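Q: Here you go, this is run_14.cif (mmCIF, C-alpha atoms and all ligand atoms).
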```
data_my_file
#
loop_
_atom_site.label_atom_id
_atom_site.label_comp_id
_atom_site.auth_asym_id
_atom_site.auth_seq_id
_atom_site.Cartn_x
_atom_site.Cartn_y
_atom_site.Cartn_z
CA MET G 1 81.78 -19.94 -80.10
CA VAL G 2 79.20 -18.08 -78.27
CA HIS G 3 75.71 -19.05 -79.04
CA PRO G 4 73.82 -15.95 -80.28
CA LEU G 5 71.06 -16.74 -77.91
CA SER G 6 73.43 -16.74 -74.93
CA GLN G 7 74.26 -13.03 -75.53
CA ALA G 8 70.72 -11.90 -75.17
CA PRO G 9 70.47 -12.38 -71.40
CA GLN G 10 73.89 -10.77 -70.88
CA HIS G 11 72.89 -7.67 -72.85
CA PHE G 12 69.64 -7.65 -70.91
CA ARG G 13 71.54 -7.78 -67.53
CA TRP G 14 73.71 -4.78 -68.48
CA SER G 15 70.75 -2.60 -69.23
CA SER G 16 69.14 -3.69 -65.96
CA VAL G 17 72.22 -2.69 -64.00
CA VAL G 18 72.40 0.71 -65.69
CA GLY G 19 68.69 1.17 -65.15
CA LEU G 20 69.03 0.32 -61.51
CA HIS G 21 71.87 2.79 -61.08
CA VAL G 22 69.87 5.56 -62.71
CA LEU G 23 66.95 4.70 -60.51
CA SER G 24 69.08 4.72 -57.34
CA ILE G 25 70.67 8.04 -58.28
CA LEU G 26 67.26 9.53 -58.97
CA SER G 27 65.91 8.18 -55.66
CA LEU G 28 68.95 9.52 -53.86
CA LEU G 29 68.49 12.92 -55.47
CA PHE G 30 64.84 12.85 -54.53
CA LEU G 31 65.60 11.92 -50.92
CA LEU G 32 68.25 14.61 -50.71
CA TRP G 33 65.81 17.12 -52.15
CA ALA G 34 63.02 15.98 -49.84
CA GLY G 35 65.28 16.20 -46.79
CA TYR G 36 67.16 19.28 -47.78
CA VAL G 37 64.30 21.50 -48.85
CA PRO G 38 62.37 21.46 -45.54
CA ALA G 39 65.60 21.86 -43.57
CA ALA G 40 66.69 24.73 -45.78
CA MET G 41 63.24 26.25 -45.56
CA ALA G 42 63.27 25.97 -41.76
CA GLN G 43 66.71 27.55 -41.71
CA ALA G 44 65.61 30.37 -43.99
CA GLN G 45 62.56 30.86 -41.84
CA GLN G 46 64.78 31.03 -38.74
CA ILE G 47 66.85 33.71 -40.40
CA SER G 48 63.98 35.78 -41.72
CA GLU G 49 61.16 35.22 -39.22
CA PRO G 50 61.53 35.87 -35.50
CA VAL G 51 60.42 33.28 -32.97
CA ARG G 52 57.12 34.60 -31.71
CA ILE G 53 56.22 34.30 -28.03
CA ARG G 54 52.68 35.12 -26.97
CA PHE G 55 52.58 36.17 -23.31
CA SER G 56 49.07 36.44 -21.93
CA HIS G 57 48.10 37.76 -18.51
CA VAL G 58 45.01 39.14 -16.80
CA VAL G 59 46.11 42.34 -15.05
CA ALA G 60 46.76 45.91 -16.18
CA GLU G 61 50.10 47.01 -17.64
CA ASN G 62 50.87 49.35 -14.74
CA THR G 63 51.07 46.54 -12.17
CA PRO G 64 54.12 44.53 -11.04
CA LYS G 65 53.18 41.72 -13.45
CA GLY G 66 52.35 44.04 -16.36
CA GLN G 67 55.62 45.94 -15.97
CA THR G 68 57.71 42.80 -15.57
CA ALA G 69 56.22 41.34 -18.76
CA LEU G 70 57.14 44.54 -20.64
CA ARG G 71 60.66 44.44 -19.26
CA PHE G 72 61.07 40.81 -20.32
CA LYS G 73 59.94 41.71 -23.82
CA ALA G 74 62.37 44.63 -24.06
CA LEU G 75 65.31 42.58 -22.77
CA LEU G 76 64.70 39.54 -24.94
CA GLU G 77 64.07 41.48 -28.14
CA GLU G 78 67.13 43.65 -27.59
CA ARG G 79 69.45 40.76 -26.72
CA THR G 80 68.37 38.67 -29.71
CA GLN G 81 68.27 41.70 -32.04
CA GLY G 82 64.64 40.98 -32.77
CA ARG G 83 65.15 37.29 -33.59
CA MET G 84 62.79 36.53 -30.71
CA ARG G 85 59.64 38.61 -30.45
CA VAL G 86 57.28 38.84 -27.48
CA ASP G 87 53.65 39.84 -27.98
CA ILE G 88 52.02 40.70 -24.67
CA TYR G 89 48.28 40.46 -24.14
CA PRO G 90 47.40 42.13 -20.81
CA ASN G 91 44.04 42.58 -19.07
CA ALA G 92 42.72 39.14 -20.14
CA LYS G 93 42.50 40.51 -23.71
CA LEU G 94 43.23 37.07 -25.09
CA TYR G 95 42.23 34.65 -22.32
CA SER G 96 40.73 34.93 -18.86
CA ASP G 97 42.43 33.13 -16.00
CA ARG G 98 39.96 30.26 -16.43
CA ASP G 99 40.95 29.67 -20.06
CA GLU G 100 44.60 30.62 -20.27
CA MET G 101 46.03 27.30 -19.07
CA GLU G 102 43.95 25.37 -21.56
CA ALA G 103 45.05 27.79 -24.30
CA MET G 104 48.66 27.02 -23.45
CA GLN G 105 48.07 23.27 -23.55
CA LEU G 106 46.59 23.76 -27.02
CA GLY G 107 49.58 25.80 -28.21
CA ALA G 108 47.66 29.09 -28.53
CA VAL G 109 49.96 30.95 -26.14
CA GLU G 110 53.53 30.33 -25.00
CA ILE G 111 54.01 32.16 -21.67
CA LEU G 112 51.64 32.78 -18.75
CA ALA G 113 52.06 34.21 -15.27
CA PRO G 114 49.11 32.88 -13.25
CA SER G 115 48.82 33.67 -9.60
CA LEU G 116 50.05 30.85 -7.35
CA SER G 117 46.48 30.44 -6.08
CA LYS G 118 45.35 29.21 -9.49
CA PHE G 119 47.59 26.14 -9.68
CA GLY G 120 45.59 24.12 -7.15
CA ARG G 121 42.76 23.75 -9.63
CA LEU G 122 45.22 22.31 -12.16
CA GLY G 123 46.20 19.49 -9.87
CA PHE G 124 48.93 21.23 -7.85
CA PRO G 125 47.27 21.78 -4.44
CA GLU G 126 50.70 22.26 -2.83
CA PHE G 127 50.78 25.72 -4.46
CA GLU G 128 47.91 26.73 -2.16
CA LEU G 129 50.51 26.81 0.56
CA PHE G 130 50.95 30.46 -0.39
CA ASP G 131 47.25 31.09 0.32
CA LEU G 132 47.40 30.11 3.97
CA PRO G 133 46.32 33.17 5.95
CA PHE G 134 49.08 34.86 7.95
CA LEU G 135 51.78 32.49 6.68
CA PHE G 136 54.06 35.38 5.76
CA ALA G 137 54.82 38.48 7.78
CA THR G 138 57.13 40.15 5.27
CA GLN G 139 58.11 39.96 1.63
CA ALA G 140 61.45 38.48 2.78
CA ASP G 141 59.52 35.49 4.23
CA VAL G 142 58.01 34.90 0.82
CA ARG G 143 61.38 35.21 -0.88
CA ARG G 144 62.89 32.56 1.39
CA ILE G 145 60.42 30.08 -0.04
CA THR G 146 60.39 31.18 -3.67
CA GLU G 147 64.16 31.50 -3.90
CA GLY G 148 64.98 28.36 -1.91
CA GLY G 149 64.78 24.63 -2.56
CA LEU G 150 61.05 24.56 -1.85
CA GLY G 151 60.35 27.07 -4.63
CA GLN G 152 62.47 25.09 -7.08
CA ALA G 153 60.72 21.85 -6.12
CA LEU G 154 57.35 23.49 -6.77
CA LEU G 155 58.43 24.72 -10.22
CA GLN G 156 59.79 21.27 -11.11
CA ARG G 157 56.40 19.71 -10.43
CA LEU G 158 54.79 21.73 -13.20
CA GLN G 159 56.41 19.53 -15.86
CA ARG G 160 53.72 16.97 -15.09
CA GLN G 161 51.27 19.28 -16.88
CA HIS G 162 53.66 20.18 -19.72
CA MET G 163 54.77 23.49 -18.23
CA VAL G 164 58.30 24.69 -17.55
CA GLY G 165 58.51 27.01 -14.55
CA LEU G 166 60.80 29.97 -15.22
CA GLY G 167 60.54 31.68 -11.84
CA PHE G 168 58.42 33.51 -9.28
CA LEU G 169 57.18 37.07 -9.19
CA ASP G 170 55.80 39.03 -6.25
CA ASN G 171 52.78 41.23 -6.31
CA GLY G 172 52.18 41.95 -2.65
CA PHE G 173 50.10 41.50 0.47
CA LYS G 174 46.35 41.25 0.05
CA HIS G 175 43.82 43.42 1.83
CA MET G 176 40.06 43.07 2.23
CA SER G 177 37.56 45.44 0.64
CA ALA G 178 33.77 45.79 0.81
CA ASN G 179 31.16 48.50 1.21
CA ARG G 180 31.82 48.59 4.91
CA PRO G 181 34.90 48.46 7.13
CA LEU G 182 36.06 44.91 7.91
CA LEU G 183 37.62 45.43 11.31
CA GLU G 184 36.22 42.48 13.25
CA PRO G 185 35.46 38.93 12.12
CA ALA G 186 31.75 39.68 12.65
CA ASP G 187 31.92 42.33 9.90
CA TYR G 188 32.33 39.58 7.28
CA GLN G 189 29.13 37.83 8.29
CA GLY G 190 26.98 37.07 5.23
CA LEU G 191 29.14 38.96 2.71
CA ARG G 192 29.61 37.44 -0.73
CA MET G 193 33.34 37.71 -1.27
CA ARG G 194 34.93 37.15 -4.68
CA VAL G 195 37.82 34.69 -4.46
CA GLN G 196 40.32 33.17 -6.84
CA SER G 197 39.91 29.48 -7.64
CA SER G 198 41.69 28.32 -4.48
CA ARG G 199 40.01 26.05 -1.95
CA THR G 200 42.24 27.50 0.73
CA ILE G 201 41.05 31.05 0.09
CA ALA G 202 37.44 29.86 -0.11
CA ARG G 203 37.86 28.14 3.25
CA GLN G 204 39.35 31.31 4.71
CA MET G 205 36.25 33.30 3.69
CA ARG G 206 33.98 30.66 5.20
CA ALA G 207 35.95 30.78 8.44
CA LEU G 208 35.09 34.47 8.55
CA GLY G 209 31.39 33.83 8.02
CA ALA G 210 31.43 35.11 4.41
CA ARG G 211 30.33 33.28 1.27
CA PRO G 212 33.16 32.75 -1.24
CA VAL G 213 32.28 33.35 -4.90
CA ASP G 214 34.87 32.06 -7.35
CA LEU G 215 35.12 34.45 -10.31
CA PRO G 216 37.75 35.14 -12.96
CA PHE G 217 39.77 38.26 -12.27
CA SER G 218 38.49 39.94 -15.44
CA GLU G 219 34.91 39.74 -14.14
CA THR G 220 35.60 40.94 -10.63
CA ARG G 221 35.30 44.70 -11.10
CA ARG G 222 31.94 44.33 -12.87
CA ALA G 223 30.66 41.85 -10.29
CA LEU G 224 31.51 44.33 -7.53
CA GLY G 225 29.84 47.15 -9.46
CA THR G 226 26.62 45.28 -10.11
CA GLY G 227 26.42 43.83 -6.61
CA VAL G 228 26.89 40.21 -7.69
CA VAL G 229 29.53 40.16 -4.96
CA ASP G 230 29.97 42.50 -1.98
CA GLY G 231 33.70 42.48 -1.53
CA THR G 232 37.03 40.89 -2.34
CA GLU G 233 40.71 40.62 -1.39
CA ASN G 234 43.60 41.98 -3.45
CA PRO G 235 46.95 43.70 -3.32
CA ILE G 236 46.44 47.44 -3.74
CA SER G 237 48.08 47.48 -7.18
CA ASN G 238 45.26 45.30 -8.53
CA PHE G 239 42.58 47.14 -6.55
CA TRP G 240 43.75 50.47 -7.94
CA THR G 241 44.40 49.51 -11.57
CA GLN G 242 41.02 47.77 -11.87
CA HIS G 243 39.31 50.88 -10.48
CA MET G 244 37.76 48.89 -7.68
CA HIS G 245 37.80 52.05 -5.57
CA GLU G 246 34.90 53.26 -7.71
CA VAL G 247 32.75 50.37 -6.50
CA GLN G 248 34.04 49.68 -2.98
CA THR G 249 33.64 52.25 -0.24
CA ASP G 250 36.05 50.64 2.23
CA LEU G 251 39.46 49.03 2.07
CA THR G 252 40.79 47.45 5.26
CA LEU G 253 44.54 46.93 5.40
CA THR G 254 44.53 43.37 6.69
CA GLY G 255 47.68 42.10 4.93
CA HIS G 256 46.41 38.61 5.77
CA GLY G 257 47.72 36.88 2.66
CA PHE G 258 50.11 37.16 -0.21
CA LEU G 259 49.65 37.29 -3.99
CA GLY G 260 52.50 36.05 -6.15
CA TYR G 261 52.93 34.44 -9.56
CA ALA G 262 54.75 31.59 -11.25
CA ILE G 263 55.96 32.30 -14.77
CA VAL G 264 55.39 29.26 -16.95
CA VAL G 265 56.26 28.42 -20.53
CA SER G 266 54.70 25.71 -22.66
CA ALA G 267 56.92 22.60 -22.52
CA PRO G 268 56.41 21.54 -26.19
CA PHE G 269 57.34 25.07 -27.31
CA TRP G 270 60.37 25.04 -25.00
CA LYS G 271 61.59 21.69 -26.32
CA ASN G 272 61.49 22.93 -29.91
CA LEU G 273 63.82 25.83 -29.16
CA SER G 274 67.57 25.64 -29.50
CA HIS G 275 69.71 25.60 -26.36
CA GLN G 276 70.76 29.17 -27.06
CA GLN G 277 67.18 30.37 -27.51
CA ARG G 278 66.20 28.79 -24.20
CA GLN G 279 69.14 30.47 -22.53
CA HIS G 280 68.10 33.83 -23.95
CA ILE G 281 64.56 33.43 -22.60
CA GLN G 282 65.65 32.25 -19.17
CA SER G 283 68.22 34.98 -18.72
CA ALA G 284 65.89 37.77 -19.92
CA MET G 285 63.22 36.41 -17.59
CA ASN G 286 65.63 36.15 -14.63
CA ASP G 287 66.63 39.79 -15.10
CA ALA G 288 63.02 40.92 -15.54
CA LEU G 289 61.98 39.02 -12.40
CA ASP G 290 64.84 40.44 -10.34
CA TRP G 291 63.72 43.88 -11.38
CA GLY G 292 60.00 43.12 -10.87
CA ASN G 293 60.58 41.70 -7.40
CA SER G 294 62.57 44.77 -6.44
CA VAL G 295 59.83 47.22 -7.46
CA ALA G 296 56.63 45.33 -6.52
CA THR G 297 56.42 46.70 -2.97
CA GLY G 298 57.02 50.25 -4.20
CA GLN G 299 54.30 49.89 -6.84
CA ASN G 300 51.79 48.81 -4.20
CA GLU G 301 52.78 51.75 -1.99
CA GLU G 302 52.38 54.09 -4.93
CA ALA G 303 48.93 52.65 -5.65
CA LEU G 304 47.95 53.22 -2.01
CA ARG G 305 49.04 56.86 -2.25
CA ALA G 306 47.07 57.32 -5.48
CA LEU G 307 44.04 55.75 -3.84
CA GLN G 308 44.31 58.08 -0.86
CA VAL G 309 44.41 61.07 -3.21
CA THR G 310 41.09 60.13 -4.86
CA GLY G 311 39.42 60.02 -1.43
CA LYS G 312 36.84 57.64 -2.89
CA THR G 313 37.55 54.67 -0.67
CA ARG G 314 37.95 54.92 3.09
CA ILE G 315 41.14 53.16 4.17
CA HIS G 316 41.23 51.43 7.56
CA SER G 317 44.05 49.91 9.57
CA LEU G 318 43.62 47.14 12.15
CA THR G 319 44.63 47.58 15.76
CA PRO G 320 46.93 44.79 17.03
CA GLU G 321 43.94 43.32 18.93
CA GLN G 322 41.73 43.33 15.84
CA ARG G 323 44.51 41.68 13.90
CA THR G 324 44.90 38.97 16.54
CA ARG G 325 41.15 38.26 16.44
CA LEU G 326 41.19 38.06 12.64
CA ARG G 327 44.17 35.74 12.76
CA SER G 328 42.66 33.36 15.28
CA THR G 329 39.36 33.24 13.36
CA VAL G 330 41.09 32.01 10.21
CA GLN G 331 43.43 29.64 12.05
CA PRO G 332 41.22 26.55 11.37
CA VAL G 333 42.07 26.93 7.68
CA TRP G 334 45.55 25.65 8.47
CA ASP G 335 44.20 22.49 10.10
CA ASP G 336 41.52 21.84 7.49
CA LEU G 337 43.65 22.45 4.41
CA GLY G 338 46.80 20.76 5.67
CA HIS G 339 45.81 17.47 4.09
CA ARG G 340 45.01 19.15 0.74
CA ILE G 341 48.29 21.03 0.57
CA GLY G 342 50.24 18.08 1.92
CA SER G 343 51.81 17.88 5.36
CA SER G 344 55.33 17.50 3.96
CA TRP G 345 55.01 20.75 1.97
CA LEU G 346 53.63 22.51 5.02
CA GLN G 347 56.48 21.22 7.12
CA MET G 348 59.06 22.33 4.52
CA ALA G 349 57.52 25.82 4.55
CA ARG G 350 57.63 25.95 8.34
CA ASP G 351 61.24 24.72 8.37
CA THR G 352 62.24 27.31 5.76
CA GLN G 353 60.69 30.07 7.86
CA SER G 354 62.15 28.96 11.15
CA SER G 355 65.66 28.22 9.87
CA GLN G 356 66.19 31.96 9.32
C1 LIG T 401 46.39 38.48 -10.86
O1 LIG T 401 46.99 39.30 -10.19
O2 LIG T 401 46.88 37.83 -11.78
C2 LIG T 401 44.93 38.24 -10.58
C3 LIG T 401 44.68 37.91 -9.18
C4 LIG T 401 43.24 37.59 -8.90
O3 LIG T 401 42.63 36.81 -9.65
O4 LIG T 401 42.71 38.10 -7.91
#
```
Would you give me this structure, written as structure tokens?
A:
Amino acid sequence: MVHPLSQAPQHFRWSSVVGLHVLSILSLLFLLWAGYVPAAMAQAQQISEPVRIRFSHVVAENTPKGQTALRFKALLEERTQGRMRVDIYPNAKLYSDRDEMEAMQLGAVEILAPSLSKFGRLGFPEFELFDLPFLFATQADVRRITEGGLGQALLQRLQRQHMVGLGFLDNGFKHMSANRPLLEPADYQGLRMRVQSSRTIARQMRALGARPVDLPFSETRRALGTGVVDGTENPISNFWTQHMHEVQTDLTLTGHGFLGYAIVVSAPFWKNLSHQQRQHIQSAMNDALDWGNSVATGQNEEALRALQVTGKTRIHSLTPEQRTRLRSTVQPVWDDLGHRIGSSWLQMARDTQSSQ
């Protein structure tokens, strides 16, 4: 016979088991709900809301960089049927070249295309290789570096600062401007010349007897107009689209240096994209860059023609002798900046040039 008291604990155990089951089922349902809802929401968001890419740059839209950015936007939006959207902010509308990198680190912008000269300040002095005066004679010389192993190695290095390098873009050869012709090294004496934030370019101006003044691109036109600086160096596309001809009486076609860009995307943003989304971005950018690099020279030539038509700025060419004198005056920059850029990078650049 079962003692009545002995049933009580058994009955109690049954209800505990049932209770536990109910509790587990409820917890399971809760966990499923908690996990499912955000995933479903993210999925719904992916379907309904396009991935937004903010692309900030500092030049005008009718420049090689401005046009390439527009082409990238058109290609990416068309190929993803609007599932990826690119908002372009030209002319330093969003950030100047001093602030844009920081903005990207903070997640306020996804793509930038800074000039190669601006990476030295960020801890990549090897990029100042491109600033060495008279390193390149033709655009093809530049391409050998940007399209070869050296270019890829440079882009790889950017990961250290949470950037993924998507490729290189040409602008063109830089020329010197001021309110006087700059035909001989002595003509630079005492001039305050606006430079980008590159120690190599600053050193080049000092070698010429000028005083380098580091200013953001967006402030350059005004600084020239108000006399804060006397002159600058730029490819003609930038000179023309910033209306520098209105504030500079003379442009001397020195072609002493080159201005190009690296296109970078924020690494945290990149990592959050799907493989397919990354492929879409890279392939649209590759096509835009191929196009941009094929039209950059033509755009600079067109800007020169437009400048000639205004007749506002006198345009000077150097004789071969003047060019040789300019070249030998800036030669010490190579020796002085070699240690900053890194002798192995310099050697790789020399090898790339001479192996052709
Ligand atoms: C640019 O082309 O992005 C600007 C170059 C400069 O700062 O001179």
Q: Using only C-alpha atoms and all ligand atoms, what table do you get, as CSV, when you list each residue of chain G with an atom no more than 9 Å from ligand LIG 401 (chain T), its nearest pair of atoms, and their distance in Å rounded to one decimal, rows by chain then rising number?
A:
```
residue,atom,partner,partner_atom,distance
G:His57,CA,T:LIG401,O2,6.8
G:Val58,CA,T:LIG401,O2,5.5
G:Val59,CA,T:LIG401,O2,5.6
G:Ala60,CA,T:LIG401,O1,8.9
G:Thr63,CA,T:LIG401,O1,8.5
G:Pro64,CA,T:LIG401,O1,8.9
G:Lys65,CA,T:LIG401,O1,7.4
G:Asp97,CA,T:LIG401,O3,7.3
G:Ala113,CA,T:LIG401,O2,7.2
G:Pro114,CA,T:LIG401,O2,5.6
G:Ser115,CA,T:LIG401,O2,5.1
G:Leu116,CA,T:LIG401,O2,8.9
G:Ser117,CA,T:LIG401,O3,8.3
G:Lys118,CA,T:LIG401,O3,8.1
G:Asn171,CA,T:LIG401,O1,7.2
G:Arg194,CA,T:LIG401,O4,8.5
G:Val195,CA,T:LIG401,O4,6.9
G:Gln196,CA,T:LIG401,O3,5.1
G:Ser197,CA,T:LIG401,O3,8.1
G:Leu215,CA,T:LIG401,O3,7.9
G:Pro216,CA,T:LIG401,O3,6.1
G:Phe217,CA,T:LIG401,O3,4.1
G:Ser218,CA,T:LIG401,O3,7.8
G:Thr220,CA,T:LIG401,O4,8.1
G:Thr232,CA,T:LIG401,O4,8.4
G:Glu233,CA,T:LIG401,O4,7.3
G:Asn234,CA,T:LIG401,O4,6.0
G:Pro235,CA,T:LIG401,O1,8.2
G:Ser237,CA,T:LIG401,O1,8.8
G:Asn238,CA,T:LIG401,O1,6.5
G:Leu259,CA,T:LIG401,O1,7.0
G:Gly260,CA,T:LIG401,O1,7.6
G:Tyr261,CA,T:LIG401,O2,7.3
```
Q: Could you please determine the separation between CA of Leu182 in chain G and CA of Gly231 in chain G in Å, to one decimal place?
A: 10.0 Å
Q: Show me, as a ChimeraX atom specification, the residues that have an atom within 12 Å of Arg305 in chain G when counting only C-alpha atoms, minus same-chain residues fewer than 4 positions from it.
A: /G:236-237,240,298-301,309-311,313,315
Q: Find the smallest box with edges along x, y and z containing every listed atom of range 242-249 of chain G, then add 4 Å on each side and report centre and edge lengths in Å to one decimal, as JSON.
A:
```
{"center_x": 36.9, "center_y": 50.5, "center_z": -6.1, "size_x": 16.3, "size_y": 13.5, "size_z": 19.6}
```
Q: Out of G:Leu70, G:Thr200, G:Gly190, G:Phe134, which residue has the shortest atom-to-atom distance to His339 in chain G when counting all atoms listed in the file?
A: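 Among the listed residues, the smallest separation from His339 in chain G belongs to G:Thr200.
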Q: Please identify every residue of range 290-348 of chain G that has at least one atom no farther than 10 Å from an atom of range 275-286 of chain G, counting all atoms listed in the file, and for each give the shortest atom pair and the distance in Å to one decimal, arranged by chain then increasing number, as JSON lines.
A:
```
{"residue": "G:Asp290", "atom": "CA", "partner": "G:Asn286", "partner_atom": "CA", "distance": 6.1}
{"residue": "G:Trp291", "atom": "CA", "partner": "G:Asn286", "partner_atom": "CA", "distance": 8.6}
{"residue": "G:Gly292", "atom": "CA", "partner": "G:Asn286", "partner_atom": "CA", "distance": 9.7}
```
Q: Residues at most 9 Å from Val142 in chain G, counting only C-alpha atoms, excluding those fewer than 6 positions away in the same chain, as a PyMOL selection string?
A: chain G and resi 130+135-136+170+258+260+353
Q: Distance CA of Val247 in chain G-CA of Arg325 in chain G, one decimal place?
A: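 Distance between the two atoms: 27.3 Å.
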Q: Name the closest residue to Ala262 in chain G among the candidates G:Ser343, G:Thr319, G:Trp334, G:Leu169; distances are taken between atoms, counting all atoms listed in the file.
A: G:Leu169
Q: To one decimal place, how far is CA of Gln67 in chain G from CA of Ala267 in chain G in Å?
A: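 About the pair CA of Gln67 in chain G and CA of Ala267 in chain G: they are 24.3 Å apart.
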Q: Select, from G:Ala178, G:Ile145, G:Ala153, G:Leu326, the residue with the minimum atom-to-atom distance to Ala349 in chain G, counting only C-alpha atoms.
A: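 Nearest candidate to Ala349 in chain G out of G:Ala178, G:Ile145, G:Ala153, G:Leu326: G:Ile145.
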Q: Contacts of Thr254 in chain G at 7 Å or less, counting all atoms listed in the file, minus same-chain residues fewer than 4 places along, as a list in words?
A: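 Within the cut-off, the hits are His175, Met176 and Leu318 of chain G.
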Q: Between G:Arg180, G:Arg144, G:Arg211, G:Arg83, which is the closest to Met193 in chain G once you count all atoms listed in the file?
A: G:Arg211
Q: Under the rule that only C-alpha atoms are counted, which of G:Ala103, G:Leu132, G:Leu304, G:Val51 is the nearest residue to Arg85 in chain G?
A: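 Closest residue, counting only C-alpha atoms: G:Val51.
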Q: Which residue, G:Gly165, G:Gly107, G:Gly227, G:Gly342, has the smallest gap to Asn179 in chain G when you use all atoms listed in the file?
A: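 The answer is G:Gly227, which sits nearest to Asn179 in chain G.
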Q: Taking N, CA and C atoms as the atom set, what does range 318-330 of chain G look like once completed, written as a compact mmCIF listing (two decimals), in the coordinates of the input?
A:
```txt
# COMPACT_ATOMS: atom_id res chain seq x y z
N LEU G 318 44.06 47.95 11.00
CA LEU G 318 43.62 47.14 12.15
C LEU G 318 44.47 47.47 13.37
N THR G 319 43.85 47.48 14.52
CA THR G 319 44.63 47.58 15.76
C THR G 319 45.28 46.21 15.97
N PRO G 320 46.33 46.12 16.79
CA PRO G 320 46.93 44.79 17.03
C PRO G 320 45.90 43.79 17.56
N GLU G 321 44.96 44.25 18.37
CA GLU G 321 43.94 43.32 18.93
C GLU G 321 43.02 42.82 17.81
N GLN G 322 42.62 43.74 16.94
CA GLN G 322 41.73 43.33 15.84
C GLN G 322 42.45 42.33 14.94
N ARG G 323 43.70 42.57 14.74
CA ARG G 323 44.51 41.68 13.90
C ARG G 323 44.61 40.28 14.53
N THR G 324 44.81 40.26 15.84
CA THR G 324 44.90 38.97 16.54
C THR G 324 43.57 38.21 16.42
N ARG G 325 42.46 38.94 16.53
CA ARG G 325 41.15 38.26 16.44
C ARG G 325 40.93 37.71 15.02
N LEU G 326 41.33 38.51 14.03
CA LEU G 326 41.19 38.06 12.64
C LEU G 326 42.04 36.79 12.42
N ARG G 327 43.23 36.85 12.93
CA ARG G 327 44.17 35.74 12.76
C ARG G 327 43.65 34.46 13.42
N SER G 328 43.12 34.60 14.63
CA SER G 328 42.66 33.36 15.28
C SER G 328 41.37 32.84 14.64
N THR G 329 40.59 33.72 14.04
CA THR G 329 39.36 33.24 13.36
C THR G 329 39.70 32.41 12.13
N VAL G 330 40.76 32.77 11.44
CA VAL G 330 41.09 32.01 10.21
C VAL G 330 42.06 30.85 10.48
```
